[in-house]
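See below for the structure under consideration.
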Amino acid sequence: MILVTGGAGFIGANFVLDWLACGAEPVVNLDKLTYAGNLQTLASLQGDARHHFVQGDIADSALVARLLAEHRPRAVVNFAAESHVDRSIHGPEDFVQTNVLGSFRLLEAVRGYWSGLPADEKAAFRFLHVSTDEVYGSLSATDPAFTEDNKYEPNSPYSASKAASDHLVRAWHHTYGLPVLTTNCSNNYGPYHFPEKLIPLMIVNALAGKNLPVYGDGMQVRDWLYVKDHCSAIRRVLEAGRLGETYNVGGWNEKPNIEIVKTVCALLDELRPKADGTSYSTQITYVTDRPGHDRRYAIDARKLEAELGWKPAETFDTGIRKTVAWYLANGDWVQNVQSGAYRAWVEQQYAKPEAVQA
Ligand code: NAD
């Protein structure tokens with residue numbers, strides 16, 4: 001048994017689906033179901049006894065302690081977070097609450113559970129914390145890619161709150177000996193991505209005939225990794241990572257945002273051509289840049305590759321084609337997420353705190 005937190009979000013849900021598809025052990029999935037959590041992503045697991053969903057907050061120490069005592073997981077994988085940079089600029093408090101206080105409470109609950117385990121289970125236990133490359137700050141065009149030795153220079157409320165959680169995880173290892181692992185990954189893309197993030201937003205807006213808003217000059221560079229490759233990296237680190245270490249995860253796919261948007265448009269032109277024959281790229285509109293927008297992130301993932309033999313399975317070309325095709329085939333998922341019908345359903349299902357769905 002493992003405990004996954006935030007397993008109804010974009011990466012966490014992909015991880016749970018992949019984990020169970022690989023035939024691995026059962027999962028207790030603790031998720032608060034904020035706007036970003038979506039049980040429809042996990043609909044294929046309905047009735048699967050290997051997946052036990054619990055709606056709740058990682059900051060709820062009593063709930064987490066109870067789940068740990070009841071299910072006795074051999075590992076905790078922490079995806080739960082507020083994750084959207086724009087939201088963190090307009091409302092940073094939720095980010096401090098979940099990413100900092102929530103991570104602290106989770107660590108404390110896990111420490112209490114772990115310290116009471118018999119020696120063999122204690123030695124085998126792992127706490128894997130999923131984090132971001134944004135903690136390292138911004139690079140110039142000529143700087144080398146981030147390695148695990150880069151100092152932390154977070155620039156947004158989101159990245160600062162994630163940096164704080166990374167430091168707590170590190171300290172819980174050094175101070176209390178908690179067996180932790182941390183992964184710092186670049187931008188993910190793929191199925192089930194909430195349509196506020198760049199790639200799904202562009203697909204959804206393009207199909208709806210809306211503007212495709214690109215911040216500033218569109219030349220902000222990010223490294224992109226297909227979400228399932230991130231999931232395989234997490235599985236590998238959990239399996240064989242050295243305790244207390246951090247591992248960068250990336251796809252060697254540095255691209256400016258405008259190139260990403262143009263690639264999405266070209267794929268849509270091919271797969272769902274517009275009736276009037278024009279390209280979706282005519283909908284691109286440049287908008288005022290985000291305050292403090294980091295210019296470039298790039299990830300050096302050689303440690304993970306050399307030490308643990310991990311490699312991404314997808315190139316950017318194969319991954320982005322799969323992603324666009326997935327959104328074209330899953331319009332219902334997008335519509336439900338956007339319509340509010342899904343939220344109403346969740347509120348009805350989970351009217352009581354700590355409601356549990358097997
Ligand atoms: P997401 O926003 O799609 O999902 C986050 C999930 O956490 C949601 O299901 C939400 O309901 C849940 N959650 C939020 N607050 C919670 C709380 N207090 N208690 C329990 N659950 C809570 O995010 P994502 O893109 O899937 O990211 C998952 C993790 O990976 C985050 O920690 C993020 O920082 C990290 N990360 C994301 C990316 C990326 O490109 N998306 C890249 C690197 C790292």
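Numbering starts fresh at 1 for the residues of each chain in the structure tokens, the chains themselves are lettered A, B, ... in the order given, and ligands are numbered from 1 as they appear.
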Q. If you count only C-alpha atoms and all ligand atoms, which residues end up within 8 Å of ligand 1, as an NGL selection string?
A. :A and (5-13 or 30-38 or 55-59 or 78-84 or 97-99 or 102 or 129-134 or 162 or 184-189 or 193-194)
Write a file of the selected residues as a compact mmCIF listing (two decimals), in the first residue's frame, keeping N, CA and C atoms.
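What ended up in result_18.txt:
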# COMPACT_ATOMS: atom_id res chain seq x y z
N THR A 5 -0.82 11.76 -2.12
CA THR A 5 -1.61 12.98 -1.84
C THR A 5 -1.72 13.79 -3.13
N GLY A 6 -2.86 14.44 -3.32
CA GLY A 6 -3.06 15.22 -4.55
C GLY A 6 -3.25 14.33 -5.77
N GLY A 7 -3.74 13.12 -5.54
CA GLY A 7 -3.87 12.16 -6.63
C GLY A 7 -5.10 12.33 -7.51
N ALA A 8 -5.84 13.44 -7.33
CA ALA A 8 -6.93 13.75 -8.26
C ALA A 8 -6.54 14.92 -9.16
N GLY A 9 -5.31 15.42 -9.00
CA GLY A 9 -4.83 16.51 -9.85
C GLY A 9 -4.21 15.96 -11.12
N PHE A 10 -3.64 16.85 -11.89
CA PHE A 10 -3.12 16.47 -13.21
C PHE A 10 -2.04 15.38 -13.10
N ILE A 11 -0.96 15.65 -12.42
CA ILE A 11 0.14 14.67 -12.40
C ILE A 11 -0.20 13.52 -11.46
N GLY A 12 -0.77 13.84 -10.29
CA GLY A 12 -1.09 12.80 -9.31
C GLY A 12 -2.03 11.75 -9.89
N ALA A 13 -3.05 12.18 -10.63
CA ALA A 13 -4.01 11.23 -11.20
C ALA A 13 -3.34 10.39 -12.29
N LEU A 30 -5.35 10.64 -1.10
CA LEU A 30 -5.88 11.74 -0.28
C LEU A 30 -5.83 13.04 -1.07
N ASP A 31 -6.98 13.62 -1.34
CA ASP A 31 -7.02 14.85 -2.14
C ASP A 31 -8.14 15.74 -1.61
N LYS A 32 -7.84 17.01 -1.54
CA LYS A 32 -8.82 17.97 -1.01
C LYS A 32 -9.93 18.28 -2.02
N LEU A 33 -9.68 17.94 -3.28
CA LEU A 33 -10.59 18.31 -4.37
C LEU A 33 -10.83 19.82 -4.41
N THR A 34 -9.73 20.54 -4.57
CA THR A 34 -9.85 21.96 -4.89
C THR A 34 -10.34 22.04 -6.33
N TYR A 35 -10.39 23.24 -6.88
CA TYR A 35 -10.83 23.38 -8.29
C TYR A 35 -9.98 22.49 -9.21
N ALA A 36 -8.73 22.19 -8.79
CA ALA A 36 -7.80 21.47 -9.68
C ALA A 36 -7.94 19.96 -9.55
N GLY A 37 -8.65 19.48 -8.53
CA GLY A 37 -8.81 18.04 -8.35
C GLY A 37 -10.02 17.56 -9.12
N ASN A 38 -9.90 16.42 -9.76
CA ASN A 38 -10.97 15.98 -10.63
C ASN A 38 -11.12 14.46 -10.59
N GLN A 55 -11.41 12.18 0.44
CA GLN A 55 -11.35 13.63 0.28
C GLN A 55 -10.89 14.25 1.59
N GLY A 56 -9.81 14.99 1.55
CA GLY A 56 -9.31 15.62 2.77
C GLY A 56 -8.05 16.42 2.50
N ASP A 57 -7.61 17.09 3.56
CA ASP A 57 -6.54 18.09 3.45
C ASP A 57 -5.25 17.52 4.05
N ILE A 58 -4.13 17.72 3.38
CA ILE A 58 -2.85 17.26 3.96
C ILE A 58 -2.53 18.01 5.25
N ALA A 59 -3.18 19.17 5.44
CA ALA A 59 -2.94 19.94 6.67
C ALA A 59 -3.78 19.44 7.84
N ASN A 78 3.98 12.74 -2.28
CA ASN A 78 3.25 14.00 -2.04
C ASN A 78 3.18 14.88 -3.28
N PHE A 79 2.02 14.84 -3.94
CA PHE A 79 1.75 15.73 -5.08
C PHE A 79 0.91 16.94 -4.64
N ALA A 80 0.25 16.85 -3.50
CA ALA A 80 -0.75 17.86 -3.14
C ALA A 80 -0.12 19.24 -3.06
N ALA A 81 -0.69 20.17 -3.80
CA ALA A 81 -0.16 21.54 -3.79
C ALA A 81 -1.13 22.46 -4.52
N GLU A 82 -1.02 23.73 -4.23
CA GLU A 82 -1.56 24.75 -5.14
C GLU A 82 -0.46 24.94 -6.18
N SER A 83 -0.84 24.91 -7.48
CA SER A 83 0.21 24.76 -8.49
C SER A 83 0.24 25.82 -9.59
N HIS A 84 -0.70 26.77 -9.56
CA HIS A 84 -0.77 27.67 -10.71
C HIS A 84 -0.15 29.04 -10.39
N GLN A 97 -0.65 28.27 2.73
CA GLN A 97 -1.43 27.34 3.55
C GLN A 97 -1.15 25.88 3.17
N THR A 98 -1.28 25.55 1.89
CA THR A 98 -1.12 24.14 1.49
C THR A 98 0.34 23.77 1.29
N ASN A 99 1.06 24.58 0.53
CA ASN A 99 2.42 24.17 0.14
C ASN A 99 3.39 24.25 1.31
N GLY A 102 0.71 22.94 4.97
CA GLY A 102 0.22 21.59 4.67
C GLY A 102 1.38 20.60 4.59
N HIS A 129 8.74 13.59 -2.17
CA HIS A 129 8.14 14.91 -2.33
C HIS A 129 8.33 15.36 -3.78
N VAL A 130 7.19 15.69 -4.42
CA VAL A 130 7.22 16.07 -5.83
C VAL A 130 7.31 17.59 -5.92
N SER A 131 8.38 18.09 -6.55
CA SER A 131 8.54 19.54 -6.63
C SER A 131 8.90 19.97 -8.05
N THR A 132 9.26 21.22 -8.16
CA THR A 132 9.34 21.88 -9.46
C THR A 132 10.73 22.48 -9.71
N ASP A 133 11.06 22.69 -10.99
CA ASP A 133 12.32 23.37 -11.33
C ASP A 133 12.24 24.87 -11.03
N GLU A 134 11.01 25.37 -10.79
CA GLU A 134 10.86 26.82 -10.61
C GLU A 134 11.52 27.32 -9.32
N LYS A 162 6.83 26.40 -2.84
CA LYS A 162 7.37 25.07 -3.12
C LYS A 162 8.81 24.96 -2.59
N ASN A 184 12.60 17.39 -8.63
CA ASN A 184 12.31 18.74 -9.15
C ASN A 184 12.16 18.63 -10.66
N CYS A 185 10.93 18.80 -11.10
CA CYS A 185 10.63 18.52 -12.51
C CYS A 185 10.29 19.79 -13.29
N SER A 186 10.53 19.73 -14.58
CA SER A 186 10.17 20.84 -15.47
C SER A 186 8.67 20.78 -15.81
N ASN A 187 8.25 21.65 -16.74
CA ASN A 187 6.82 21.75 -17.08
C ASN A 187 6.29 20.44 -17.66
N ASN A 188 5.21 19.97 -17.10
CA ASN A 188 4.57 18.75 -17.61
C ASN A 188 3.46 19.13 -18.59
N TYR A 189 3.18 18.21 -19.50
CA TYR A 189 2.01 18.35 -20.37
C TYR A 189 1.49 16.96 -20.66
N HIS A 193 -4.95 17.63 -18.16
CA HIS A 193 -4.35 18.87 -17.65
C HIS A 193 -5.42 19.94 -17.59
N PHE A 194 -5.58 20.56 -16.45
CA PHE A 194 -6.63 21.57 -16.26
C PHE A 194 -6.43 22.72 -17.26
Q: Could you give me, as JSON, numbers by chain, each residue of segment 191-343 of chain A that DSSP assigns to alpha helix (DSSP H) when run on this structure's backbone?
A: {"A": [198, 199, 200, 201, 202, 203, 204, 205, 206, 207, 227, 228, 229, 230, 231, 232, 233, 234, 235, 236, 237, 238, 239, 240, 257, 258, 259, 260, 261, 262, 263, 264, 265, 266, 267, 268, 269, 270, 271, 302, 303, 304, 305, 306, 307, 308, 316, 317, 318, 319, 320, 321, 322, 323, 324, 325, 326, 327, 328, 329, 331, 332, 333, 334, 335, 336, 337, 338, 339, 341, 342, 343]}
Show me, as a compact mmCIF listing (two decimals) with N, CA and C atoms, in the first residue's frame, the residues that have an atom within 7 Å of Leu212 of chain A when counting only C-alpha atoms, minus same-chain residues fewer than 2 positions from it.
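For reference, part-v2.txt as written:
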# COMPACT_ATOMS: atom_id res chain seq x y z
N MET A 202 -4.55 26.60 -24.75
CA MET A 202 -4.44 26.94 -26.18
C MET A 202 -5.33 26.02 -27.02
N ASN A 205 -9.09 26.97 -26.23
CA ASN A 205 -9.45 28.28 -26.82
C ASN A 205 -9.47 28.22 -28.34
N ALA A 206 -8.49 27.52 -28.90
CA ALA A 206 -8.42 27.44 -30.37
C ALA A 206 -9.70 26.82 -30.90
N LYS A 210 -11.63 31.20 -29.79
CA LYS A 210 -11.24 32.35 -28.97
C LYS A 210 -9.79 32.75 -29.24
N VAL A 214 -0.88 35.04 -25.45
CA VAL A 214 0.54 34.72 -25.22
C VAL A 214 1.14 35.88 -24.44
N GLN A 283 -5.39 33.11 -34.45
CA GLN A 283 -6.05 33.50 -33.18
C GLN A 283 -5.04 33.93 -32.10
N ILE A 284 -3.72 33.81 -32.41
CA ILE A 284 -2.71 34.18 -31.41
C ILE A 284 -2.78 35.69 -31.13
N THR A 285 -2.81 36.04 -29.83
CA THR A 285 -2.87 37.44 -29.42
C THR A 285 -1.84 37.66 -28.31
Q: Would you work out the distance separating atom CA of Pro291 of chain A from atom CA of Gln338 of chain A, expressed in Å to one decimal?
A: 26.1 Å
Q. For Leu181 of chain A, which residue out of A:Thr246, A:Gln335, A:Gln220, A:Thr142 is the nearest one, using only C-alpha atoms?
A. A:Thr246
Could you name the residues that touch Phe125 of chain A at 12 Å or less, counting only C-alpha atoms, but leaving out those on the same chain fewer than 3 positions away, as a CSV table (one decimal) with N, CA and C atoms, in the first residue's frame?
chain,number,residue,atom,x,y,z
A,1,MET,N,0.8,-1.2,0.0
A,1,MET,CA,0.0,0.0,0.0
A,1,MET,C,0.9,1.3,0.0
A,2,ILE,N,0.5,2.2,-0.8
A,2,ILE,CA,1.2,3.5,-0.7
A,2,ILE,C,0.1,4.6,-0.6
A,3,LEU,N,0.5,5.7,0.1
A,3,LEU,CA,-0.4,6.9,0.2
A,3,LEU,C,0.0,7.9,-0.8
A,72,ARG,N,-1.3,1.6,6.9
A,72,ARG,CA,0.1,1.3,7.0
A,72,ARG,C,0.9,1.3,5.7
A,73,PRO,N,0.9,2.4,5.0
A,73,PRO,CA,1.6,2.5,3.7
A,73,PRO,C,3.1,2.3,3.9
A,74,ARG,N,3.8,1.8,2.8
A,74,ARG,CA,5.2,1.6,2.9
A,74,ARG,C,5.9,2.9,2.3
A,75,ALA,N,5.1,3.8,1.7
A,75,ALA,CA,5.6,5.0,1.1
A,75,ALA,C,4.5,6.1,1.0
A,76,VAL,N,4.9,7.3,1.0
A,76,VAL,CA,4.0,8.4,0.8
A,76,VAL,C,4.6,9.2,-0.4
A,77,VAL,N,3.7,9.5,-1.4
A,77,VAL,CA,4.2,10.3,-2.5
A,77,VAL,C,3.3,11.6,-2.5
A,110,VAL,N,3.6,12.0,9.1
A,110,VAL,CA,4.4,10.9,8.6
A,110,VAL,C,5.5,10.6,9.6
A,111,ARG,N,6.2,11.6,10.1
A,111,ARG,CA,7.3,11.3,11.1
A,111,ARG,C,6.8,10.5,12.3
A,113,TYR,N,4.2,8.5,12.4
A,113,TYR,CA,3.9,7.1,11.9
A,113,TYR,C,5.2,6.3,11.7
A,114,TRP,N,6.1,6.9,11.0
A,114,TRP,CA,7.3,6.2,10.7
A,114,TRP,C,8.1,5.8,11.9
A,115,SER,N,8.2,6.8,12.9
A,115,SER,CA,9.0,6.5,14.0
A,115,SER,C,8.5,5.3,14.9
A,116,GLY,N,7.2,5.0,14.7
A,116,GLY,CA,6.6,3.9,15.5
A,116,GLY,C,6.6,2.6,14.7
A,117,LEU,N,7.2,2.6,13.5
A,117,LEU,CA,7.2,1.3,12.7
A,117,LEU,C,8.2,0.3,13.2
A,118,PRO,N,8.0,-1.0,13.1
A,118,PRO,CA,9.0,-1.9,13.4
A,118,PRO,C,10.3,-1.7,12.5
A,119,ALA,N,11.5,-2.1,13.0
A,119,ALA,CA,12.7,-1.7,12.4
A,119,ALA,C,12.8,-2.0,10.9
A,120,ASP,N,12.3,-3.2,10.4
A,120,ASP,CA,12.4,-3.5,9.0
A,120,ASP,C,11.5,-2.6,8.2
A,121,GLU,N,10.3,-2.3,8.6
A,121,GLU,CA,9.4,-1.4,7.9
A,121,GLU,C,9.9,0.0,7.9
A,122,LYS,N,10.5,0.4,9.0
A,122,LYS,CA,11.0,1.7,9.2
A,122,LYS,C,12.2,1.9,8.2
A,128,LEU,N,8.3,10.5,-0.6
A,128,LEU,CA,8.8,11.2,-1.9
A,128,LEU,C,8.0,12.5,-2.1
A,177,GLY,N,16.0,12.2,10.5
A,177,GLY,CA,16.3,11.0,9.8
A,177,GLY,C,15.2,10.4,9.0
A,178,LEU,N,14.1,11.2,8.7
A,178,LEU,CA,13.0,10.7,7.9
A,178,LEU,C,13.6,10.4,6.5
A,179,PRO,N,13.2,9.2,6.0
A,179,PRO,CA,13.8,8.7,4.7
A,179,PRO,C,13.1,9.4,3.5
A,180,VAL,N,13.6,10.6,3.1
A,180,VAL,CA,12.9,11.4,2.1
A,180,VAL,C,13.7,11.3,0.8
A,181,LEU,N,12.9,11.6,-0.3
A,181,LEU,CA,13.5,11.8,-1.6
A,181,LEU,C,12.7,13.0,-2.2
A,238,LEU,N,11.5,6.4,-6.4
A,238,LEU,CA,10.9,5.8,-5.2
A,238,LEU,C,11.5,4.4,-5.0
A,239,GLU,N,11.8,3.8,-6.2
A,239,GLU,CA,12.4,2.4,-6.1
A,239,GLU,C,13.8,2.4,-5.7
A,243,LEU,N,18.6,8.0,-0.3
A,243,LEU,CA,17.8,8.8,0.7
A,243,LEU,C,18.4,10.2,0.9
Q: Give me every strand (DSSP E or B) residue in segment 111-265 of chain A, going by DSSP on the backbone, as a ChimeraX atom specification.
A: /A:126-132,146,180-185,187-189,212-215,221-226,246-249,254-256
Q: Would you work out the distance separating atom CA of Thr183 of chain A from atom CA of Val237 of chain A, expressed in Å to one decimal?
A: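 Going from atom CA of Thr183 of chain A over to atom CA of Val237 of chain A, I get 8.0 Å.
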